[in-house]
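**Q** This is the content of entry-v5.txt (compact mmCIF, C-alpha atoms):
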```txt
# COMPACT_ATOMS: atom_id res chain seq x y z
CA ALA S 203 64.11 -11.59 132.14
CA LEU S 204 67.48 -13.25 132.03
CA SER S 205 70.69 -11.28 132.17
CA ARG S 206 72.53 -10.66 128.92
CA ARG S 207 75.74 -11.69 130.66
CA PRO S 208 76.59 -15.28 131.58
CA ALA S 209 76.19 -16.47 135.14
CA ALA S 210 78.02 -19.28 136.86
CA ALA S 211 76.18 -22.45 137.73
CA ALA S 212 74.75 -22.31 141.24
CA ASP S 213 76.65 -25.39 142.40
CA GLY S 214 79.83 -24.69 140.46
CA ARG S 215 79.66 -28.05 138.69
CA GLU S 216 81.44 -28.69 135.43
CA PRO S 217 79.70 -30.59 132.63
CA GLU S 218 79.95 -34.34 133.06
CA GLN S 219 80.88 -34.87 129.42
CA GLY S 220 82.25 -32.35 126.98
CA GLY S 221 79.98 -29.39 127.47
CA GLU S 222 79.68 -26.07 125.70
CA ARG S 223 81.87 -23.07 126.34
CA HIS S 224 80.38 -20.36 128.50
CA GLY S 225 80.99 -16.64 128.53
CA GLU S 226 79.88 -16.27 124.88
CA GLY S 227 76.73 -14.28 125.59
CA GLY S 228 73.13 -15.24 126.16
CA TYR S 229 70.06 -15.40 123.97
CA ARG S 230 69.76 -11.62 123.64
CA ASP S 231 73.13 -11.58 121.86
CA LEU S 232 71.85 -13.77 119.02
CA PRO S 233 71.47 -12.09 115.61
CA HIS S 234 68.20 -10.18 115.43
CA PRO S 235 65.84 -11.26 114.03
CA THR S 236 66.90 -14.80 114.85
CA VAL S 237 66.38 -17.50 112.23
CA ILE S 238 65.32 -20.83 113.77
CA GLY S 239 65.51 -23.96 111.64
CA HIS S 240 62.08 -25.54 112.18
CA ARG S 241 62.64 -29.27 112.74
CA GLY S 242 65.96 -28.59 111.02
CA ALA S 243 65.70 -27.63 107.37
CA SER S 244 62.43 -29.50 106.89
CA GLY S 245 61.66 -27.69 103.64
CA TYR S 246 64.50 -29.68 102.06
CA ARG S 247 65.02 -32.86 104.10
CA PRO S 248 62.79 -35.20 106.15
CA GLU S 249 62.19 -33.43 109.46
CA HIS S 250 63.95 -34.24 112.73
CA THR S 251 66.82 -36.14 111.18
CA LEU S 252 70.50 -35.41 111.60
CA GLY S 253 70.49 -34.65 107.89
CA SER S 254 67.83 -31.99 108.38
CA TYR S 255 69.62 -30.50 111.39
CA GLN S 256 72.97 -30.47 109.59
CA LEU S 257 71.55 -28.76 106.53
CA ALA S 258 69.85 -26.10 108.69
CA LEU S 259 73.19 -25.30 110.26
CA ASP S 260 74.99 -25.34 106.91
CA LEU S 261 72.38 -22.95 105.46
CA GLY S 262 73.11 -20.50 108.27
CA ALA S 263 70.31 -21.03 110.79
CA ASP S 264 71.06 -19.29 114.08
CA VAL S 265 69.18 -21.95 116.08
CA VAL S 266 68.05 -25.51 115.23
CA GLU S 267 64.83 -26.95 116.66
CA GLN S 268 64.12 -30.39 118.17
CA ASP S 269 60.79 -31.84 119.37
CA LEU S 270 61.07 -34.51 122.06
CA VAL S 271 58.96 -37.60 122.73
CA PRO S 272 59.88 -40.68 124.81
CA THR S 273 60.39 -44.32 124.00
CA ARG S 274 58.87 -47.08 126.13
CA ASP S 275 62.16 -47.42 128.00
CA GLY S 276 62.40 -43.70 128.72
CA HIS S 277 64.82 -42.39 126.09
CA LEU S 278 64.09 -38.99 124.54
CA VAL S 279 63.94 -39.06 120.74
CA CYS S 280 63.34 -36.37 118.16
CA ARG S 281 59.94 -36.58 116.43
CA HIS S 282 57.33 -33.91 115.87
CA GLU S 283 54.70 -36.30 117.20
CA ASN S 284 54.73 -39.58 119.09
CA GLU S 285 52.66 -41.05 116.24
CA ILE S 286 55.31 -42.11 113.72
CA GLY S 287 53.31 -43.65 110.88
CA GLY S 288 53.78 -40.54 108.75
CA THR S 289 57.46 -39.91 109.50
CA THR S 290 59.01 -43.40 109.45
CA ASP S 291 58.69 -46.64 107.51
CA VAL S 292 56.99 -48.39 110.45
CA ALA S 293 53.83 -49.09 108.38
CA ASP S 294 55.92 -51.22 106.03
CA ARG S 295 57.47 -53.25 108.83
CA THR S 296 55.44 -56.43 109.26
CA GLU S 297 57.05 -57.23 112.61
CA PHE S 298 55.40 -54.12 114.06
CA ALA S 299 51.98 -54.47 112.43
CA SER S 300 50.37 -55.46 115.73
CA ARG S 301 51.56 -52.23 117.36
CA ARG S 302 49.11 -50.15 115.32
CA THR S 303 46.47 -48.81 117.67
CA THR S 304 44.22 -45.85 118.45
CA LYS S 305 44.90 -43.50 121.34
CA SER S 306 43.52 -40.24 122.71
CA ILE S 307 46.31 -37.66 122.59
CA ASP S 308 45.37 -34.39 124.29
CA GLY S 309 41.71 -35.13 123.64
CA VAL S 310 42.17 -36.08 119.98
CA SER S 311 41.73 -39.64 118.69
CA VAL S 312 44.86 -40.71 116.77
CA THR S 313 45.46 -44.02 115.02
CA GLY S 314 48.93 -45.28 114.19
CA TRP S 315 52.18 -46.32 115.80
CA PHE S 316 53.50 -44.50 118.87
CA THR S 317 57.02 -44.05 120.21
CA GLU S 318 55.96 -44.95 123.74
CA ASP S 319 55.15 -48.46 122.51
CA PHE S 320 58.68 -49.05 121.19
CA THR S 321 61.99 -49.53 122.93
CA LEU S 322 64.86 -47.41 121.66
CA ALA S 323 66.45 -50.49 120.11
CA GLU S 324 63.25 -51.19 118.18
CA LEU S 325 62.85 -47.58 117.12
CA LYS S 326 66.42 -47.53 115.83
CA THR S 327 65.53 -50.20 113.26
CA LEU S 328 63.15 -47.75 111.56
CA ARG S 329 64.08 -45.17 108.94
CA ALA S 330 62.77 -41.63 108.63
CA LYS S 331 60.77 -40.37 105.68
CA GLU S 332 59.16 -37.16 104.40
CA ARG S 333 55.97 -36.24 106.28
CA ILE S 334 54.18 -34.29 103.50
CA PRO S 335 55.31 -35.91 100.22
CA ALA S 336 52.42 -34.44 98.21
CA LEU S 337 53.84 -30.95 98.80
CA ARG S 338 57.52 -31.83 99.07
CA GLN S 339 58.03 -34.61 96.55
CA ARG S 340 61.72 -33.80 96.17
CA ASN S 341 62.27 -34.52 99.85
CA THR S 342 61.20 -38.12 99.29
CA LEU S 343 64.56 -38.63 97.57
CA TYR S 344 65.99 -38.81 101.09
CA ASP S 345 63.47 -41.29 102.51
CA GLY S 346 65.30 -44.04 104.38
CA ARG S 347 68.65 -42.29 104.62
CA TRP S 348 68.45 -41.44 108.32
CA GLU S 349 67.23 -43.07 111.50
CA VAL S 350 65.32 -41.44 114.35
CA PRO S 351 67.89 -39.55 116.44
CA THR S 352 67.95 -39.47 120.22
CA PHE S 353 68.27 -36.09 121.86
CA GLU S 354 71.58 -37.19 123.35
CA GLU S 355 72.86 -37.87 119.83
CA VAL S 356 71.79 -34.36 118.87
CA LEU S 357 73.67 -32.91 121.85
CA ARG S 358 76.80 -34.77 120.78
CA TRP S 359 76.31 -33.57 117.20
CA ALA S 360 75.96 -29.98 118.43
CA GLU S 361 79.19 -30.34 120.42
CA ARG S 362 81.08 -31.65 117.39
CA GLU S 363 79.72 -28.92 115.14
CA GLY S 364 80.48 -26.28 117.75
CA ARG S 365 84.10 -27.37 117.94
CA ARG S 366 84.40 -27.52 114.16
CA ARG S 367 82.88 -24.08 113.64
CA GLY S 368 84.47 -22.40 116.63
CA LYS S 369 81.12 -21.21 118.03
CA ARG S 370 78.26 -22.68 119.98
CA VAL S 371 75.39 -24.41 118.22
CA TRP S 372 72.07 -23.13 119.55
CA LEU S 373 69.14 -25.53 120.02
CA HIS S 374 65.40 -24.88 120.51
CA VAL S 375 63.92 -27.89 122.33
CA GLU S 376 60.21 -28.63 122.73
CA THR S 377 58.53 -30.98 125.18
CA LYS S 378 55.65 -32.61 123.26
CA HIS S 379 52.44 -33.60 125.06
CA PRO S 380 54.11 -33.41 128.50
CA SER S 381 50.93 -34.02 130.54
CA TYR S 382 50.01 -37.04 128.44
CA PHE S 383 53.43 -38.61 128.90
CA ARG S 384 53.62 -37.80 132.62
CA ALA S 385 50.37 -39.71 133.10
CA LEU S 386 52.08 -42.72 131.48
CA GLY S 387 55.02 -42.48 133.87
CA LEU S 388 57.21 -41.06 131.09
CA GLY S 389 57.65 -37.46 132.24
CA LEU S 390 59.81 -35.46 129.83
CA GLU S 391 61.19 -32.68 131.97
CA GLU S 392 63.38 -34.65 134.39
CA PRO S 393 65.28 -36.72 131.78
CA LEU S 394 65.62 -33.59 129.63
CA ALA S 395 67.10 -31.69 132.58
CA ARG S 396 69.51 -34.55 133.30
CA LEU S 397 70.80 -34.49 129.74
CA LEU S 398 71.15 -30.72 129.75
CA ARG S 399 73.15 -30.89 132.97
CA ARG S 400 75.31 -33.69 131.62
CA TYR S 401 76.24 -31.64 128.58
CA GLY S 402 76.57 -28.31 130.36
CA ARG S 403 73.48 -26.76 128.77
CA ASP S 404 71.50 -26.10 131.94
CA ARG S 405 72.66 -22.55 132.68
CA ARG S 406 71.37 -19.04 132.15
CA ASP S 407 73.82 -18.43 129.30
CA SER S 408 73.51 -21.88 127.72
CA ALA S 409 72.93 -22.09 123.97
CA VAL S 410 69.51 -23.68 124.28
CA PHE S 411 65.88 -22.57 124.46
CA LEU S 412 63.27 -24.80 126.07
CA GLN S 413 59.72 -24.57 124.73
CA SER S 414 56.30 -26.12 125.26
CA PHE S 415 52.64 -25.52 124.47
CA GLU S 416 51.89 -26.42 128.11
CA PRO S 417 52.89 -23.61 130.50
CA SER S 418 53.12 -26.08 133.40
CA SER S 419 55.93 -27.90 131.57
CA ILE S 420 57.86 -24.64 131.31
CA GLN S 421 57.20 -23.96 135.00
CA ARG S 422 58.51 -27.42 135.88
CA LEU S 423 61.62 -26.88 133.75
CA SER S 424 62.20 -23.50 135.41
CA ARG S 425 62.69 -25.36 138.70
CA LEU S 426 65.13 -27.85 137.15
CA VAL S 427 67.41 -25.79 134.91
CA SER S 428 68.22 -22.13 134.30
CA CYS S 429 68.38 -21.94 130.50
CA PRO S 430 65.95 -19.62 128.67
CA ARG S 431 62.36 -20.81 128.26
CA VAL S 432 59.60 -20.05 125.76
CA VAL S 433 55.83 -20.65 126.06
CA LEU S 434 54.33 -21.71 122.73
CA LEU S 435 50.91 -20.30 121.85
CA SER S 436 48.43 -21.71 119.35
CA ASP S 437 45.31 -19.98 117.98
CA ALA S 438 43.53 -17.45 120.15
CA ASN S 439 40.43 -19.58 120.78
CA THR S 440 42.38 -22.62 122.00
CA ARG S 441 43.29 -23.69 125.55
CA PRO S 442 46.54 -25.39 126.50
CA TRP S 443 45.93 -29.04 127.30
CA ASP S 444 47.27 -28.71 130.84
CA PHE S 445 44.78 -25.86 131.38
CA GLN S 446 41.97 -28.13 130.24
CA GLN S 447 43.05 -30.87 132.60
CA ALA S 448 43.43 -28.47 135.53
CA GLY S 449 40.13 -26.67 134.88
CA ASP S 450 41.91 -23.40 134.12
CA PRO S 451 39.39 -21.44 131.98
CA ARG S 452 41.97 -19.19 130.31
CA THR S 453 42.42 -19.39 126.57
CA VAL S 454 45.36 -18.27 124.46
CA ALA S 455 43.40 -15.04 123.90
CA ASP S 456 43.71 -14.43 127.65
CA LEU S 457 47.42 -15.28 127.70
CA VAL S 458 48.27 -12.72 125.02
CA LYS S 459 46.67 -9.91 127.01
CA PRO S 460 48.99 -7.85 129.25
CA ALA S 461 47.96 -9.75 132.39
CA GLY S 462 48.62 -13.12 130.73
CA LEU S 463 51.95 -11.95 129.35
CA ALA S 464 52.98 -10.69 132.79
CA TRP S 465 52.09 -14.10 134.25
CA MET S 466 54.23 -15.94 131.69
CA ALA S 467 57.11 -13.51 132.22
CA GLY S 468 57.27 -14.83 135.77
CA PHE S 469 58.71 -18.17 134.58
CA ALA S 470 59.63 -17.72 130.90
CA GLN S 471 61.81 -15.40 128.86
CA GLY S 472 59.83 -15.56 125.65
CA ILE S 473 56.73 -16.67 123.79
CA GLY S 474 56.35 -18.58 120.54
CA PRO S 475 53.01 -17.48 119.09
CA THR S 476 51.52 -18.68 115.84
CA LEU S 477 52.04 -15.98 113.21
CA ASN S 478 48.27 -15.45 113.20
CA LEU S 479 48.54 -13.96 116.69
CA VAL S 480 50.91 -11.32 115.29
CA ILE S 481 48.89 -10.59 112.15
CA PRO S 482 45.51 -12.36 111.86
CA ARG S 483 44.24 -13.70 108.55
CA ASP S 484 40.75 -12.95 107.29
CA ALA S 485 38.25 -15.46 105.91
CA ALA S 486 39.96 -15.31 102.51
CA GLY S 487 43.36 -16.09 104.04
CA LYS S 488 44.72 -12.58 103.58
CA LEU S 489 46.55 -10.66 106.29
CA GLY S 490 44.52 -8.24 108.37
CA THR S 491 45.47 -5.59 110.92
CA PRO S 492 48.46 -6.41 113.14
CA THR S 493 47.72 -6.97 116.82
CA THR S 494 49.55 -5.28 119.69
CA LEU S 495 51.15 -8.58 120.78
CA VAL S 496 54.73 -7.64 119.86
CA ARG S 497 54.54 -4.35 121.75
CA ASP S 498 52.76 -5.88 124.72
CA ALA S 499 55.17 -8.82 125.02
CA HIS S 500 58.21 -6.57 124.76
CA ALA S 501 56.75 -4.42 127.53
CA GLN S 502 57.01 -7.51 129.77
CA GLY S 503 60.59 -8.22 128.69
CA LEU S 504 59.58 -11.23 126.59
CA VAL S 505 61.12 -12.10 123.23
CA LEU S 506 58.88 -13.40 120.43
CA HIS S 507 59.71 -16.41 118.24
CA PRO S 508 56.60 -16.90 116.06
CA TRP S 509 55.97 -19.99 113.90
CA THR S 510 56.12 -21.07 111.09
CA ALA S 511 57.38 -19.45 107.87
CA ARG S 512 57.36 -21.69 104.79
CA ASN S 513 57.89 -21.03 101.09
CA GLU S 514 55.02 -23.04 99.61
CA ASN S 515 51.76 -21.40 98.51
CA SER S 516 49.72 -23.73 100.71
CA PHE S 517 51.27 -22.23 103.84
CA LEU S 518 51.56 -18.57 102.83
CA PRO S 519 48.93 -15.90 103.42
CA ALA S 520 46.81 -15.46 100.29
CA ASP S 521 48.44 -12.07 99.69
CA PHE S 522 51.74 -13.75 98.82
CA ARG S 523 50.70 -16.83 96.82
CA LYS S 524 51.75 -17.21 93.19
CA GLY S 525 49.63 -19.31 90.87
CA THR S 526 47.40 -22.16 91.93
CA ASP S 527 49.89 -24.98 92.61
CA PRO S 528 49.87 -25.48 96.41
CA ALA S 529 53.41 -26.91 96.29
CA ALA S 530 54.86 -23.99 94.27
CA TYR S 531 56.80 -21.25 95.98
CA GLY S 532 55.05 -17.94 96.54
CA ASP S 533 56.50 -14.54 97.45
CA SER S 534 57.89 -15.67 100.78
CA PHE S 535 60.32 -12.75 100.98
CA ALA S 536 57.41 -10.32 101.07
CA ALA S 537 55.82 -12.40 103.82
CA TYR S 538 59.01 -12.38 105.90
CA ARG S 539 59.35 -8.64 105.43
CA THR S 540 55.80 -8.07 106.62
CA TYR S 541 56.36 -10.10 109.80
CA PHE S 542 59.83 -8.70 110.50
CA GLU S 543 58.43 -5.17 110.20
CA GLN S 544 56.30 -5.93 113.26
CA GLY S 545 59.47 -6.16 115.37
CA ILE S 546 59.47 -9.89 116.15
CA ASP S 547 62.72 -11.18 117.63
CA GLY S 548 62.98 -14.35 115.56
CA ILE S 549 61.03 -16.79 113.43
CA PHE S 550 60.72 -20.53 112.97
CA THR S 551 61.16 -21.47 109.32
CA ASP S 552 61.29 -24.66 107.25
CA ASN S 553 63.61 -22.80 104.84
CA PRO S 554 66.48 -21.29 106.86
CA ASP S 555 68.31 -19.95 103.81
CA THR S 556 65.25 -17.97 102.72
CA GLY S 557 64.68 -16.71 106.26
CA LEU S 558 68.31 -15.69 106.66
CA LEU S 559 68.39 -13.75 103.41
CA ALA S 560 65.16 -11.99 104.39
CA ALA S 561 66.51 -11.23 107.87
CA GLU S 562 69.65 -9.53 106.58
CA ALA S 563 67.69 -6.40 105.68
CA PHE S 564 66.69 -6.13 109.35
CA ARG S 565 70.17 -6.64 110.80
CA PRO S 566 71.73 -3.16 110.61
CA GLY S 567 75.47 -3.02 111.05
CA ARG S 568 75.93 -6.76 110.62
CA ARG S 569 77.97 -8.23 107.79
CA PRO S 570 75.59 -10.00 105.40
CA VAL S 571 76.21 -13.74 105.50
CA ASN S 572 74.76 -14.56 102.10
CA ARG S 573 77.15 -12.44 100.05
```
Let me see whether you can do it: turn the structure in this file into structure tokens.
**A**
Amino acid sequence: ALSRRPAAAADGREPEQGGERHGEGGYRDLPHPTVIGHRGASGYRPEHTLGSYQLALDLGADVVEQDLVPTRDGHLVCRHENEIGGTTDVADRTEFASRRTTKSIDGVSVTGWFTEDFTLAELKTLRAKERIPALRQRNTLYDGRWEVPTFEEVLRWAEREGRRRGKRVWLHVETKHPSYFRALGLGLEEPLARLLRRYGRDRRDSAVFLQSFEPSSIQRLSRLVSCPRVVLLSDANTRPWDFQQAGDPRTVADLVKPAGLAWMAGFAQGIGPTLNLVIPRDAAGKLGTPTTLVRDAHAQGLVLHPWTARNENSFLPADFRKGTDPAAYGDSFAAYRTYFEQGIDGIFTDNPDTGLLAAEAFRPGRRPVNR
């Protein structure tokens, strides 16, 4: 595990531009449980826009998440997926109609428009929109207000906000489909590491987490930068895509056993499991008996940042739904309380204000921020 105290960069370099202040404590000094704005404040604004990131910070999120995919000319941009038909207005842009195609992404056939087929200049002509308008109709009010941000723009935004607020802005950065992009000659880890070094976020005490569903991406990043790293974990019966390509027979069920957790602790400081790995749901969608994952991960020195808490009925366990409207809010506070009682260290949430208010009851000795 990483030290709680900051450590100097191995080569003594200063950030090339700006850079965050150091000596402010590492990830274990974050409020506990930590509230992570999932794709920003995506419950209220179109995801992965500067508007969504800004609102997450304004609502009090401790950390703000970005997902990274590349453009054809190698720039890292913030989208949940490289297919952008559902999150931009590209389908309405006749000049890009011929770019629509079908690809196999991590073994799944996907049809649409893909960031790796666009230059950054082309991508910047598009506008972001709400991904799930049927559930979040109010978010469509903001369709077209923001463009697709580059990760470098987000780093500059975080610097500005850090100076304005007098404290560092924490980021949680995911490499999306890293094996797929490396095969295209668009590896994510090296350009990400270059940007982190340029902005002084490559150190053990830097205000950034790096995350991926592919353990090999986290291993590669561990050789490039020193900032804290998190292995994301999907459902128990799944296998990471890099495992499938390498012929590694282990599933997520194997990784959450003590031996698998010990292996990940060799190159990561945390795990990001789906909430179902903490408390499984039964066939009716109700919560069952909690697993031993929190205890077992903590025994290996790993922090847990499960995903994803949302307010809408359609995402909540059946125990906490209210009424039959899938877009209506259920009893999300009761859901948060149930997960926080397991001892998790943080949580990804589309609704940072709700998560923060729920977390206050589990932050003894800290001044409540919502009063």
**Q** In terms of the shortest atom-to-atom distance over only C-alpha atoms, which of S:Glu267, S:Asp444, S:Glu297, S:Glu514 is closest to Glu416 in chain S?
**A**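 The answer is S:Asp444, which sits nearest to Glu416 in chain S.
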**Q** Any idea what's packed within 7 Å of Val505 in chain S, counting all atoms listed in the file, ignoring anything in its chain fewer than 6 positions away? Could you give it as a VMD selection string?
**A** chain S and resid 471 to 473 547
**Q** So that I can check the surroundings of Ala499 in chain S, please list as a PDB file with C-alpha atoms, in the frame of the given file every protein, DNA and RNA residue that reaches within 9 Å of it, counting all atoms listed in the file and ignoring chain neighbours fewer than 5 positions away.
**A**
```pdb
ATOM      1  CA  VAL S 458      48.270 -12.720 125.020  1.00  0.00           C
ATOM      2  CA  LYS S 459      46.670  -9.910 127.010  1.00  0.00           C
ATOM      3  CA  PRO S 460      48.990  -7.850 129.250  1.00  0.00           C
ATOM      4  CA  LEU S 463      51.950 -11.950 129.350  1.00  0.00           C
ATOM      5  CA  ALA S 464      52.980 -10.690 132.790  1.00  0.00           C
ATOM      6  CA  ALA S 467      57.110 -13.510 132.220  1.00  0.00           C
ATOM      7  CA  GLY S 472      59.830 -15.560 125.650  1.00  0.00           C
ATOM      8  CA  ILE S 473      56.730 -16.670 123.790  1.00  0.00           C
ATOM      9  CA  THR S 494      49.550  -5.280 119.690  1.00  0.00           C
ATOM     10  CA  LEU S 504      59.580 -11.230 126.590  1.00  0.00           C
ATOM     11  CA  VAL S 505      61.120 -12.100 123.230  1.00  0.00           C
ATOM     12  CA  LEU S 506      58.880 -13.400 120.430  1.00  0.00           C
TER      13      LEU S 506
END
```
**Q** For Gly227 in chain S, which of S:Arg431, S:Ser418, S:Lys369, S:Leu388 is the closest residue, counting only C-alpha atoms?
**A**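 Smallest distance to Gly227 in chain S is found for S:Lys369.
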**Q** From the set S:Asn553, S:Arg400, S:Met466, S:Leu479, which residue has the shortest atom-to-atom contact distance to Ala438 in chain S, counting all atoms listed in the file?
**A**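 So, comparing all the options, the nearest one is S:Leu479.
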**Q** In Å, with one decimal, what is the gap from CA of Tyr246 in chain S to CA of Glu285 in chain S?
**A**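 So the two atoms, CA of Tyr246 in chain S and CA of Glu285 in chain S, lie 21.7 Å apart.
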**Q** Could you tell me, as a PDB file with C-alpha atoms, in the frame of the given file, which residues have any atom at most 12 Å from (69.4, -36.9, 130.4), counting all atoms listed in the file?
**A**
```
ATOM      1  CA  GLU S 218      79.950 -34.340 133.060  1.00  0.00           C
ATOM      2  CA  GLN S 219      80.880 -34.870 129.420  1.00  0.00           C
ATOM      3  CA  PRO S 272      59.880 -40.680 124.810  1.00  0.00           C
ATOM      4  CA  GLY S 276      62.400 -43.700 128.720  1.00  0.00           C
ATOM      5  CA  HIS S 277      64.820 -42.390 126.090  1.00  0.00           C
ATOM      6  CA  LEU S 278      64.090 -38.990 124.540  1.00  0.00           C
ATOM      7  CA  VAL S 279      63.940 -39.060 120.740  1.00  0.00           C
ATOM      8  CA  THR S 352      67.950 -39.470 120.220  1.00  0.00           C
ATOM      9  CA  PHE S 353      68.270 -36.090 121.860  1.00  0.00           C
ATOM     10  CA  GLU S 354      71.580 -37.190 123.350  1.00  0.00           C
ATOM     11  CA  GLU S 355      72.860 -37.870 119.830  1.00  0.00           C
ATOM     12  CA  LEU S 357      73.670 -32.910 121.850  1.00  0.00           C
ATOM     13  CA  GLY S 389      57.650 -37.460 132.240  1.00  0.00           C
ATOM     14  CA  LEU S 390      59.810 -35.460 129.830  1.00  0.00           C
ATOM     15  CA  GLU S 391      61.190 -32.680 131.970  1.00  0.00           C
ATOM     16  CA  GLU S 392      63.380 -34.650 134.390  1.00  0.00           C
ATOM     17  CA  PRO S 393      65.280 -36.720 131.780  1.00  0.00           C
ATOM     18  CA  LEU S 394      65.620 -33.590 129.630  1.00  0.00           C
ATOM     19  CA  ALA S 395      67.100 -31.690 132.580  1.00  0.00           C
ATOM     20  CA  ARG S 396      69.510 -34.550 133.300  1.00  0.00           C
ATOM     21  CA  LEU S 397      70.800 -34.490 129.740  1.00  0.00           C
ATOM     22  CA  LEU S 398      71.150 -30.720 129.750  1.00  0.00           C
ATOM     23  CA  ARG S 399      73.150 -30.890 132.970  1.00  0.00           C
ATOM     24  CA  ARG S 400      75.310 -33.690 131.620  1.00  0.00           C
ATOM     25  CA  TYR S 401      76.240 -31.640 128.580  1.00  0.00           C
ATOM     26  CA  GLY S 402      76.570 -28.310 130.360  1.00  0.00           C
ATOM     27  CA  ARG S 403      73.480 -26.760 128.770  1.00  0.00           C
ATOM     28  CA  ASP S 404      71.500 -26.100 131.940  1.00  0.00           C
TER      29      ASP S 404
END
```
**Q** Pick out the residues sitting within 10 Å of Trp348 in chain S, and hand them over as a VMD selection string; count only C-alpha atoms, and ignore anything fewer than 6 positions along from it in its own chain.
**A** chain S and resid 248 250 to 254 290 326 328 to 331
**Q** Dump C-alpha atoms for the selected residues as a short mmCIF file (atom, residue, chain, number, x, y, z; two decimals), in the frame of the given file?
**A**
```
data_model
loop_
_atom_site.label_atom_id
_atom_site.label_comp_id
_atom_site.auth_asym_id
_atom_site.auth_seq_id
_atom_site.Cartn_x
_atom_site.Cartn_y
_atom_site.Cartn_z
CA PRO S 248 62.79 -35.20 106.15
CA HIS S 250 63.95 -34.24 112.73
CA THR S 251 66.82 -36.14 111.18
CA LEU S 252 70.50 -35.41 111.60
CA GLY S 253 70.49 -34.65 107.89
CA SER S 254 67.83 -31.99 108.38
CA THR S 290 59.01 -43.40 109.45
CA LYS S 326 66.42 -47.53 115.83
CA LEU S 328 63.15 -47.75 111.56
CA ARG S 329 64.08 -45.17 108.94
CA ALA S 330 62.77 -41.63 108.63
CA LYS S 331 60.77 -40.37 105.68
#
```
**Q** List every protein, DNA or RNA residue with an atom no more than 10 Å from (70.7, -24.4, 123.8) in the file's coordinates, counting all atoms listed in the file, and format the result as a compact mmCIF listing (two decimals) with C-alpha atoms, in the coordinates of the input.
**A**
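So point.txt came out as:
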```txt
# COMPACT_ATOMS: atom_id res chain seq x y z
CA GLU S 222 79.68 -26.07 125.70
CA GLY S 228 73.13 -15.24 126.16
CA TYR S 229 70.06 -15.40 123.97
CA VAL S 265 69.18 -21.95 116.08
CA VAL S 266 68.05 -25.51 115.23
CA GLU S 267 64.83 -26.95 116.66
CA LEU S 357 73.67 -32.91 121.85
CA ALA S 360 75.96 -29.98 118.43
CA ARG S 370 78.26 -22.68 119.98
CA VAL S 371 75.39 -24.41 118.22
CA TRP S 372 72.07 -23.13 119.55
CA LEU S 373 69.14 -25.53 120.02
CA HIS S 374 65.40 -24.88 120.51
CA VAL S 375 63.92 -27.89 122.33
CA LEU S 398 71.15 -30.72 129.75
CA GLY S 402 76.57 -28.31 130.36
CA ARG S 403 73.48 -26.76 128.77
CA ASP S 404 71.50 -26.10 131.94
CA ARG S 405 72.66 -22.55 132.68
CA ARG S 406 71.37 -19.04 132.15
CA ASP S 407 73.82 -18.43 129.30
CA SER S 408 73.51 -21.88 127.72
CA ALA S 409 72.93 -22.09 123.97
CA VAL S 410 69.51 -23.68 124.28
CA PHE S 411 65.88 -22.57 124.46
CA LEU S 412 63.27 -24.80 126.07
CA CYS S 429 68.38 -21.94 130.50
CA PRO S 430 65.95 -19.62 128.67
```
**Q** From the options S:Pro451, S:Pro492, S:Pro417, S:Gly288, which residue's atoms come nearest to Asp345 in chain S, counting only C-alpha atoms?
**A**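 Ranking S:Pro451, S:Pro492, S:Pro417, S:Gly288 by distance to Asp345 in chain S, first place goes to S:Gly288.
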**Q** Taking only C-alpha atoms into account, name the residue in S:Pro380, S:Ala461, S:His282, S:Ala258 that is nearest to Thr556 in chain S.
**A** S:Ala258
**Q** Calculate how many Å separate CA of Phe298 in chain S from CA of Pro351 in chain S, rounding to one decimal.
**A**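 According to the coordinates, CA of Phe298 in chain S and CA of Pro351 in chain S are separated by 19.3 Å.
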**Q** For Ile307 in chain S, which residue out of S:Val292, S:Leu259, S:Leu489, S:Ala385 is the nearest one, using only C-alpha atoms?
**A**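 Counting only C-alpha atoms, the residue closest to Ile307 in chain S is S:Ala385.
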**Q** List the spatial neighbours of Val312 in chain S as a PyMOL selection string - criterion: any atom at most 9 Å away, only C-alpha atoms, same-chain residues fewer than 6 positions off excluded.
**A** chain S and resi 285+303-306
**Q** Taking C-alpha atoms for each residue, export the selection above as a PDB file, in the coordinates of the input.
**A**
```
ATOM      1  CA  GLU S 285      52.660 -41.050 116.240  1.00  0.00           C
ATOM      2  CA  THR S 303      46.470 -48.810 117.670  1.00  0.00           C
ATOM      3  CA  THR S 304      44.220 -45.850 118.450  1.00  0.00           C
ATOM      4  CA  LYS S 305      44.900 -43.500 121.340  1.00  0.00           C
ATOM      5  CA  SER S 306      43.520 -40.240 122.710  1.00  0.00           C
TER       6      SER S 306
END
```
**Q** Can you measure CA of Val427 in chain S to CA of Leu270 in chain S for me? One decimal in Å is fine.
**A** 16.8 Å
**Q** Excluding Pro442 in chain S and its own-chain neighbours fewer than 4 positions away, which residues fall within 10 Å of it when counting only C-alpha atoms? Please give them as an NGL selection string.
**A** :S and (308 or 414-418 or 434-436 or 446-447 or 450-454)
